[in-house]
$ cat input.csv   # CSV, C-alpha atoms
chain,number,residue,atom,x,y,z
A,1,MET,CA,-0.9,4.7,-25.3
A,2,LEU,CA,-2.0,3.4,-21.9
A,3,ARG,CA,-4.7,6.1,-21.3
A,4,GLN,CA,-3.1,6.8,-18.0
A,5,ARG,CA,-0.1,8.4,-16.3
A,6,GLY,CA,2.2,6.2,-14.3
A,7,CYS,CA,2.1,6.7,-10.5
A,8,VAL,CA,2.5,5.0,-7.2
A,9,LEU,CA,-0.3,4.5,-4.7
A,10,TRP,CA,1.6,3.6,-1.5
A,11,PHE,CA,-0.6,1.8,0.9
A,12,THR,CA,0.6,2.0,4.5
A,13,GLY,CA,-0.9,0.8,7.8
A,14,LEU,CA,-0.6,-1.9,10.4
A,15,SER,CA,-0.5,-5.6,9.6
A,16,GLY,CA,-4.1,-6.6,9.0
A,17,SER,CA,-5.3,-3.1,8.0
A,18,GLY,CA,-6.2,-4.2,4.5
A,19,LYS,CA,-3.3,-3.1,2.4
A,20,SER,CA,-2.9,-6.2,0.2
A,21,THR,CA,-6.7,-6.8,0.0
A,22,LEU,CA,-7.3,-3.2,-1.3
A,23,ALA,CA,-4.4,-3.2,-3.6
A,24,VAL,CA,-5.5,-6.5,-5.2
A,25,ALA,CA,-9.2,-5.3,-5.5
A,26,LEU,CA,-8.1,-1.9,-7.0
A,27,GLU,CA,-5.8,-3.7,-9.4
A,28,ALA,CA,-8.7,-5.9,-10.6
A,29,ALA,CA,-10.9,-2.8,-11.0
A,30,LEU,CA,-8.3,-0.9,-12.9
A,31,LEU,CA,-7.5,-3.9,-15.2
A,32,GLY,CA,-11.2,-4.4,-15.8
A,33,ALA,CA,-11.4,-0.7,-16.9
A,34,GLY,CA,-8.6,-1.2,-19.4
A,35,HIS,CA,-5.7,0.3,-17.3
A,36,ALA,CA,-2.3,-1.2,-16.7
A,37,ALA,CA,-1.8,-1.8,-13.0
A,38,TYR,CA,0.5,-3.9,-10.8
A,39,VAL,CA,0.6,-4.8,-7.1
A,40,LEU,CA,3.9,-4.7,-5.3
A,41,ASP,CA,3.3,-6.5,-2.0
A,42,GLY,CA,5.6,-6.5,1.0
A,43,ASP,CA,5.2,-10.3,1.6
A,44,ASN,CA,6.0,-11.1,-2.1
A,45,LEU,CA,9.1,-8.9,-2.2
A,46,ARG,CA,10.4,-10.4,1.0
A,47,HIS,CA,10.3,-13.9,-0.6
A,48,GLY,CA,12.5,-12.8,-3.5
A,49,LEU,CA,14.1,-9.4,-4.0
A,50,ASN,CA,14.3,-8.7,-0.3
A,51,SER,CA,14.8,-12.2,1.1
A,52,ASP,CA,18.1,-11.2,2.6
A,53,LEU,CA,16.4,-8.7,4.9
A,54,GLY,CA,15.1,-9.1,8.4
A,55,PHE,CA,12.9,-6.8,10.5
A,56,ALA,CA,15.4,-4.7,12.4
A,57,PRO,CA,15.0,-1.0,11.7
A,58,ALA,CA,17.9,-0.9,9.2
A,59,ASP,CA,16.5,-3.9,7.3
A,60,ARG,CA,13.0,-2.3,7.3
A,61,ARG,CA,14.6,0.9,5.9
A,62,GLU,CA,16.4,-1.1,3.1
A,63,ASN,CA,13.2,-3.1,2.3
A,64,ILE,CA,11.3,0.2,1.7
A,65,ARG,CA,14.2,1.7,-0.2
A,66,ARG,CA,14.3,-1.2,-2.6
A,67,ALA,CA,10.5,-1.2,-2.9
A,68,GLY,CA,10.6,2.5,-3.7
A,69,GLU,CA,13.1,2.0,-6.4
A,70,VAL,CA,11.1,-0.8,-8.1
A,71,ALA,CA,7.9,1.3,-7.7
A,72,ALA,CA,9.6,4.3,-9.4
A,73,LEU,CA,10.6,2.1,-12.4
A,74,PHE,CA,7.1,0.8,-12.8
A,75,ALA,CA,5.7,4.3,-12.7
A,76,ASP,CA,8.3,5.4,-15.2
A,77,ALA,CA,6.9,2.6,-17.5
A,78,GLY,CA,3.4,4.1,-17.2
A,79,LEU,CA,2.0,1.6,-14.7
A,80,LEU,CA,-0.4,2.4,-11.9
A,81,THR,CA,1.7,0.8,-9.2
A,82,LEU,CA,0.0,-0.3,-6.1
A,83,ALA,CA,2.6,-0.7,-3.4
A,84,ALA,CA,1.3,-2.4,-0.2
A,85,PHE,CA,3.9,-2.2,2.6
A,86,ILE,CA,3.5,-1.6,6.3
A,87,SER,CA,6.4,0.9,5.9
A,88,PRO,CA,6.2,2.0,9.6
A,89,TYR,CA,8.6,4.9,9.5
A,90,ARG,CA,7.7,8.3,8.0
A,91,ALA,CA,11.2,9.0,6.9
A,92,ASP,CA,11.3,5.8,4.8
A,93,ARG,CA,8.0,6.7,3.1
A,94,ASP,CA,9.3,10.2,2.5
A,95,ALA,CA,12.4,8.6,0.9
A,96,ALA,CA,10.2,6.5,-1.3
A,97,ARG,CA,8.2,9.6,-2.3
A,98,ALA,CA,11.5,11.4,-3.2
A,99,THR,CA,12.6,8.4,-5.3
A,100,VAL,CA,9.2,8.2,-7.2
A,101,GLY,CA,8.7,11.9,-7.4
A,102,ALA,CA,6.2,13.7,-5.1
A,103,GLU,CA,3.8,14.5,-8.0
A,104,ARG,CA,3.5,10.7,-8.8
A,105,PHE,CA,3.4,9.4,-5.2
A,106,LEU,CA,0.0,9.0,-3.5
A,107,GLU,CA,0.3,7.9,0.1
A,108,VAL,CA,-2.8,6.0,1.2
A,109,PHE,CA,-3.2,5.4,5.0
A,110,LEU,CA,-5.3,2.5,6.0
A,111,ASP,CA,-6.3,3.7,9.4
A,112,ALA,CA,-7.8,0.6,11.1
A,113,PRO,CA,-7.6,0.3,14.9
A,114,ILE,CA,-5.1,-2.2,16.1
A,115,GLY,CA,-7.9,-4.3,17.7
A,116,VAL,CA,-9.6,-4.7,14.3
A,117,CYS,CA,-6.2,-5.6,12.8
A,118,GLU,CA,-5.7,-8.3,15.5
A,119,GLN,CA,-9.1,-9.8,14.8
A,120,ARG,CA,-8.3,-10.1,11.1
A,121,ASP,CA,-5.0,-11.7,11.7
A,122,PRO,CA,-5.1,-15.1,9.9
A,123,LYS,CA,-1.4,-15.9,10.6
A,124,GLN,CA,-1.8,-15.1,14.3
A,125,LEU,CA,1.2,-12.7,14.1
A,126,TYR,CA,-0.2,-10.3,16.8
A,127,ARG,CA,-0.8,-13.2,19.2
A,128,ARG,CA,2.7,-14.5,18.6
A,129,ALA,CA,4.2,-10.9,19.0
A,130,ARG,CA,2.3,-10.4,22.3
A,131,ALA,CA,3.6,-13.7,23.5
A,132,GLY,CA,7.2,-12.6,22.7
A,133,GLU,CA,7.6,-15.1,19.9
A,134,ILE,CA,8.1,-12.3,17.3
A,135,GLU,CA,10.5,-9.5,17.9
A,136,GLU,CA,10.2,-6.0,16.3
A,137,PHE,CA,6.5,-6.5,15.4
A,138,THR,CA,5.0,-3.2,14.2
A,139,GLY,CA,2.3,-1.9,16.5
A,140,VAL,CA,3.2,-4.2,19.4
A,141,SER,CA,7.0,-4.2,20.0
A,142,ALA,CA,8.0,-1.8,17.2
A,143,PRO,CA,6.6,1.6,16.4
A,144,TYR,CA,4.3,2.7,13.6
A,145,GLU,CA,4.4,6.4,12.6
A,146,PRO,CA,1.1,7.3,10.8
A,147,PRO,CA,1.3,9.7,7.8
A,148,GLU,CA,0.7,13.3,8.7
A,149,THR,CA,-0.8,14.3,5.4
A,150,PRO,CA,-1.8,11.3,3.3
A,151,ALA,CA,-3.4,11.8,-0.1
A,152,LEU,CA,-6.2,9.6,1.3
A,153,SER,CA,-7.0,8.0,4.6
A,154,LEU,CA,-9.4,5.1,4.7
A,155,ASP,CA,-10.8,3.5,7.9
A,156,THR,CA,-11.2,-0.1,6.8
A,157,SER,CA,-13.0,-1.0,10.0
A,158,VAL,CA,-16.0,0.9,8.7
A,159,LEU,CA,-15.6,1.1,4.9
A,160,ASP,CA,-16.0,-2.0,2.9
A,161,THR,CA,-13.7,-3.0,0.0
A,162,ASN,CA,-16.0,-1.6,-2.7
A,163,ALA,CA,-16.3,1.8,-1.0
A,164,CYS,CA,-12.5,2.0,-0.6
A,165,VAL,CA,-11.9,1.0,-4.2
A,166,GLU,CA,-14.3,3.7,-5.4
A,167,SER,CA,-12.5,6.3,-3.2
A,168,LEU,CA,-9.2,5.2,-4.7
A,169,VAL,CA,-10.4,5.4,-8.3
A,170,THR,CA,-11.8,8.9,-7.5
A,171,LEU,CA,-8.4,9.9,-6.2
A,172,LEU,CA,-6.7,8.7,-9.4
A,173,ARG,CA,-9.1,10.6,-11.5
A,174,GLN,CA,-8.9,13.8,-9.5
A,175,ARG,CA,-5.1,13.7,-9.7
A,176,GLY,CA,-5.2,13.0,-13.5
A,177,PHE,CA,-3.6,9.6,-13.5
A,178,VAL,CA,-6.7,8.0,-15.1
A,179,PRO,CA,-9.1,9.9,-17.3
A,180,GLU,CA,-12.4,11.2,-15.9
A,181,SER,CA,-14.2,9.3,-18.7
A,182,ALA,CA,-12.9,5.9,-17.5
A,183,PRO,CA,-15.7,3.5,-16.6
A,184,PRO,CA,-16.5,3.4,-12.8
A,185,ALA,CA,-14.6,0.7,-11.0
A,186,GLY,CA,-15.8,-0.4,-7.7
A,187,ARG,CA,-19.1,-2.2,-7.5
A,188,GLY,CA,-18.5,-5.8,-8.3
A,189,ALA,CA,-14.8,-5.3,-9.0
A,190,ALA,CA,-13.6,-6.9,-5.9

$ encode --input "input.csv" --output "structure tokens"
Amino acid sequence: MLRQRGCVLWFTGLSGSGKSTLAVALEAALLGAGHAAYVLDGDNLRHGLNSDLGFAPADRRENIRRAGEVAALFADAGLLTLAAFISPYRADRDAARATVGAERFLEVFLDAPIGVCEQRDPKQLYRRARAGEIEEFTGVSAPYEPPETPALSLDTSVLDTNACVESLVTLLRQRGFVPESAPPAGRGAA
């Protein structure tokens, strides 16, 4: 009925790498092409469902566990679920993959250099982390473990939003989540 198969595109990368920006742009392109898509964003979930969690490793693990459970439900409902979370630990992303099902989980690594992420930082989180005002900040005072074999890796320091969206739609088509005959989504979609 939806002309698609439910799946989860799991965007991971440092703060400022473009996870939310790309997820929102892809959602607009998919909706414009007649597909049912929804963005699950780390910031939004932390204001509601995960408002009881901090940023210590155990809390980060629980944040991603809950996000993985919600993403799996959305994929079960047939949605193209666009999950945008730093999700710094491989083990937590692997657990989300297991919850969703490996065949429906597409890990997308936004591989932007930390210097670029710091330049894009509108909330000045990197500056505050480097000044010691924020503890456990990924990439500064807490680790980030990049994916070893993502479904797609995008360097958002050299690729613009439209090029990234085109690559993401191509990935969805290649994996059979949206039909090959779907109208192109990318140019002008963002």

$ residues_around --input "input.csv" --residues "Phe177 of chain A" --least-positions-apart "6" --cutoff "7 Å" --atoms "only C-alpha atoms" --output "PyMOL selection string"
chain A and resi 4-6

$ residues_around --input "input.csv" --residues "Thr21 of chain A" --least-positions-apart "4" --cutoff "10 Å" --atoms "all atoms listed in the file" --output "list of chain:residue names"
A:Gly16, A:Ser17, A:Ala25, A:Leu26, A:Glu27, A:Ala84, A:Thr161, A:Ala190

$ atom_distance --input "input.csv" --atom1 "atom CA of Leu45 of chain A" --atom2 "atom CA of Thr170 of chain A"
28.0 Å

$ closest_atom_pairs --input "input.csv" --of "segment 99-154 of chain A" --to "segment 69-80 of chain A" --cutoff "9 Å" --atoms "only C-alpha atoms" --output "JSON lines"
{"residue": "A:Thr99", "atom": "CA", "partner": "A:Glu69", "partner_atom": "CA", "distance": 6.5}
{"residue": "A:Val100", "atom": "CA", "partner": "A:Ala72", "partner_atom": "CA", "distance": 4.5}
{"residue": "A:Gly101", "atom": "CA", "partner": "A:Ala72", "partner_atom": "CA", "distance": 7.9}
{"residue": "A:Arg104", "atom": "CA", "partner": "A:Ala75", "partner_atom": "CA", "distance": 7.8}

$ closest_residue --input "input.csv" --among "A:Tyr144, A:Phe105, A:Tyr38, A:Tyr126" --to "Gly68 of chain A" --atoms "only C-alpha atoms"
A:Phe105

$ residues_near_point --input "input.csv" --point "(-8.4, -6.5, 5.0)" --cutoff "10 Å" --atoms "all atoms listed in the file" --output "ChimeraX atom specification"
/A:15-22,110,112,116-117,120-121,156-157,160-161

$ closest_residue --input "input.csv" --among "A:Leu125, A:Ala142, A:Ala23, A:Val158" --to "Pro57 of chain A" --atoms "only C-alpha atoms"
A:Ala142

$ residues_near_point --input "input.csv" --point "(-8.3, 4.9, -7.4)" --cutoff "12 Å" --atoms "all atoms listed in the file" --output "PyMOL selection string"
chain A and resi 4+7-11+22-31+33+35+37+80-82+106-108+151-152+162-180+182-186

$ write_last_selection --input "input.csv" --atoms "C-alpha atoms" --output "short mmCIF file (atom, residue, chain, number, x, y, z; two decimals), keeping the file's coordinate frame"
data_model
loop_
_atom_site.label_atom_id
_atom_site.label_comp_id
_atom_site.auth_asym_id
_atom_site.auth_seq_id
_atom_site.Cartn_x
_atom_site.Cartn_y
_atom_site.Cartn_z
CA GLN A 4 -3.10 6.80 -18.00
CA CYS A 7 2.10 6.70 -10.50
CA VAL A 8 2.50 5.00 -7.20
CA LEU A 9 -0.30 4.50 -4.70
CA TRP A 10 1.60 3.60 -1.50
CA PHE A 11 -0.60 1.80 0.90
CA LEU A 22 -7.30 -3.20 -1.30
CA ALA A 23 -4.40 -3.20 -3.60
CA VAL A 24 -5.50 -6.50 -5.20
CA ALA A 25 -9.20 -5.30 -5.50
CA LEU A 26 -8.10 -1.90 -7.00
CA GLU A 27 -5.80 -3.70 -9.40
CA ALA A 28 -8.70 -5.90 -10.60
CA ALA A 29 -10.90 -2.80 -11.00
CA LEU A 30 -8.30 -0.90 -12.90
CA LEU A 31 -7.50 -3.90 -15.20
CA ALA A 33 -11.40 -0.70 -16.90
CA HIS A 35 -5.70 0.30 -17.30
CA ALA A 37 -1.80 -1.80 -13.00
CA LEU A 80 -0.40 2.40 -11.90
CA THR A 81 1.70 0.80 -9.20
CA LEU A 82 0.00 -0.30 -6.10
CA LEU A 106 0.00 9.00 -3.50
CA GLU A 107 0.30 7.90 0.10
CA VAL A 108 -2.80 6.00 1.20
CA ALA A 151 -3.40 11.80 -0.10
CA LEU A 152 -6.20 9.60 1.30
CA ASN A 162 -16.00 -1.60 -2.70
CA ALA A 163 -16.30 1.80 -1.00
CA CYS A 164 -12.50 2.00 -0.60
CA VAL A 165 -11.90 1.00 -4.20
CA GLU A 166 -14.30 3.70 -5.40
CA SER A 167 -12.50 6.30 -3.20
CA LEU A 168 -9.20 5.20 -4.70
CA VAL A 169 -10.40 5.40 -8.30
CA THR A 170 -11.80 8.90 -7.50
CA LEU A 171 -8.40 9.90 -6.20
CA LEU A 172 -6.70 8.70 -9.40
CA ARG A 173 -9.10 10.60 -11.50
CA GLN A 174 -8.90 13.80 -9.50
CA ARG A 175 -5.10 13.70 -9.70
CA GLY A 176 -5.20 13.00 -13.50
CA PHE A 177 -3.60 9.60 -13.50
CA VAL A 178 -6.70 8.00 -15.10
CA PRO A 179 -9.10 9.90 -17.30
CA GLU A 180 -12.40 11.20 -15.90
CA ALA A 182 -12.90 5.90 -17.50
CA PRO A 183 -15.70 3.50 -16.60
CA PRO A 184 -16.50 3.40 -12.80
CA ALA A 185 -14.60 0.70 -11.00
CA GLY A 186 -15.80 -0.40 -7.70
#

$ closest_residue --input "input.csv" --among "A:Arg46, A:Arg90, A:Arg3, A:Arg66" --to "Phe109 of chain A" --atoms "all atoms listed in the file"
A:Arg90

$ atom_distance --input "input.csv" --atom1 "atom CA of Gly132 of chain A" --atom2 "atom CA of Ile114 of chain A"
17.4 Å

$ atom_distance --input "input.csv" --atom1 "atom CA of Ala36 of chain A" --atom2 "atom CA of Glu103 of chain A"
19.0 Å

$ closest_residue --input "input.csv" --among "A:His47, A:Arg65, A:Lys123, A:Arg128" --to "Ala91 of chain A" --atoms "only C-alpha atoms"
A:Arg65

$ closest_residue --input "input.csv" --among "A:Ala102, A:Ala58, A:Ala95, A:Leu40" --to "Glu136 of chain A" --atoms "all atoms listed in the file"
A:Ala58

$ decode --input "input.csv" --residues "segment 37-55 of chain A" --atoms "N, CA and C atoms" --output "mmCIF file, in the first residue's frame"
data_model
loop_
_atom_site.group_PDB
_atom_site.id
_atom_site.type_symbol
_atom_site.label_atom_id
_atom_site.label_comp_id
_atom_site.auth_asym_id
_atom_site.auth_seq_id
_atom_site.Cartn_x
_atom_site.Cartn_y
_atom_site.Cartn_z
ATOM 1 N N ALA A 37 7.698 8.692 5.389
ATOM 2 C CA ALA A 37 8.984 8.750 6.085
ATOM 3 C C ALA A 37 8.825 9.583 7.346
ATOM 4 N N TYR A 38 9.708 9.314 8.318
ATOM 5 C CA TYR A 38 9.648 10.072 9.567
ATOM 6 C C TYR A 38 11.042 10.165 10.171
ATOM 7 N N VAL A 39 11.379 11.358 10.685
ATOM 8 C CA VAL A 39 12.669 11.586 11.329
ATOM 9 C C VAL A 39 12.538 11.379 12.826
ATOM 10 N N LEU A 40 13.404 10.540 13.362
ATOM 11 C CA LEU A 40 13.600 10.422 14.810
ATOM 12 C C LEU A 40 14.924 11.110 15.102
ATOM 13 N N ASP A 41 14.879 12.197 15.833
ATOM 14 C CA ASP A 41 16.071 13.001 16.087
ATOM 15 C C ASP A 41 16.475 12.901 17.552
ATOM 16 N N GLY A 42 17.771 12.797 17.781
ATOM 17 C CA GLY A 42 18.279 12.660 19.135
ATOM 18 C C GLY A 42 17.843 13.787 20.058
ATOM 19 N N ASP A 43 17.914 15.024 19.578
ATOM 20 C CA ASP A 43 17.520 16.158 20.414
ATOM 21 C C ASP A 43 16.049 16.077 20.787
ATOM 22 N N ASN A 44 15.184 15.744 19.816
ATOM 23 C CA ASN A 44 13.750 15.674 20.102
ATOM 24 C C ASN A 44 13.414 14.567 21.088
ATOM 25 N N LEU A 45 14.022 13.400 20.938
ATOM 26 C CA LEU A 45 13.731 12.308 21.874
ATOM 27 C C LEU A 45 14.217 12.633 23.283
ATOM 28 N N ARG A 46 15.301 13.381 23.384
ATOM 29 C CA ARG A 46 15.820 13.733 24.710
ATOM 30 C C ARG A 46 14.931 14.746 25.427
ATOM 31 N N HIS A 47 14.043 15.427 24.696
ATOM 32 C CA HIS A 47 13.106 16.358 25.336
ATOM 33 C C HIS A 47 11.850 15.647 25.830
ATOM 34 N N GLY A 48 11.616 14.448 25.382
ATOM 35 C CA GLY A 48 10.400 13.733 25.767
ATOM 36 C C GLY A 48 10.705 12.353 26.295
ATOM 37 N N LEU A 49 10.662 11.372 25.408
ATOM 38 C CA LEU A 49 10.830 9.969 25.777
ATOM 39 C C LEU A 49 12.079 9.723 26.624
ATOM 40 N N ASN A 50 13.162 10.409 26.303
ATOM 41 C CA ASN A 50 14.433 10.159 26.987
ATOM 42 C C ASN A 50 14.862 11.315 27.881
ATOM 43 N N SER A 51 13.911 12.107 28.349
ATOM 44 C CA SER A 51 14.240 13.286 29.160
ATOM 45 C C SER A 51 14.844 12.920 30.513
ATOM 46 N N ASP A 52 14.699 11.675 30.922
ATOM 47 C CA ASP A 52 15.249 11.242 32.199
ATOM 48 C C ASP A 52 16.709 10.803 32.101
ATOM 49 N N LEU A 53 17.295 10.883 30.894
ATOM 50 C CA LEU A 53 18.647 10.388 30.684
ATOM 51 C C LEU A 53 19.656 11.524 30.563
ATOM 52 N N GLY A 54 20.857 11.272 31.068
ATOM 53 C CA GLY A 54 21.963 12.214 30.921
ATOM 54 C C GLY A 54 22.887 11.752 29.802
ATOM 55 N N PHE A 55 24.178 12.032 29.957
ATOM 56 C CA PHE A 55 25.134 11.717 28.905
ATOM 57 C C PHE A 55 26.263 10.796 29.367
#
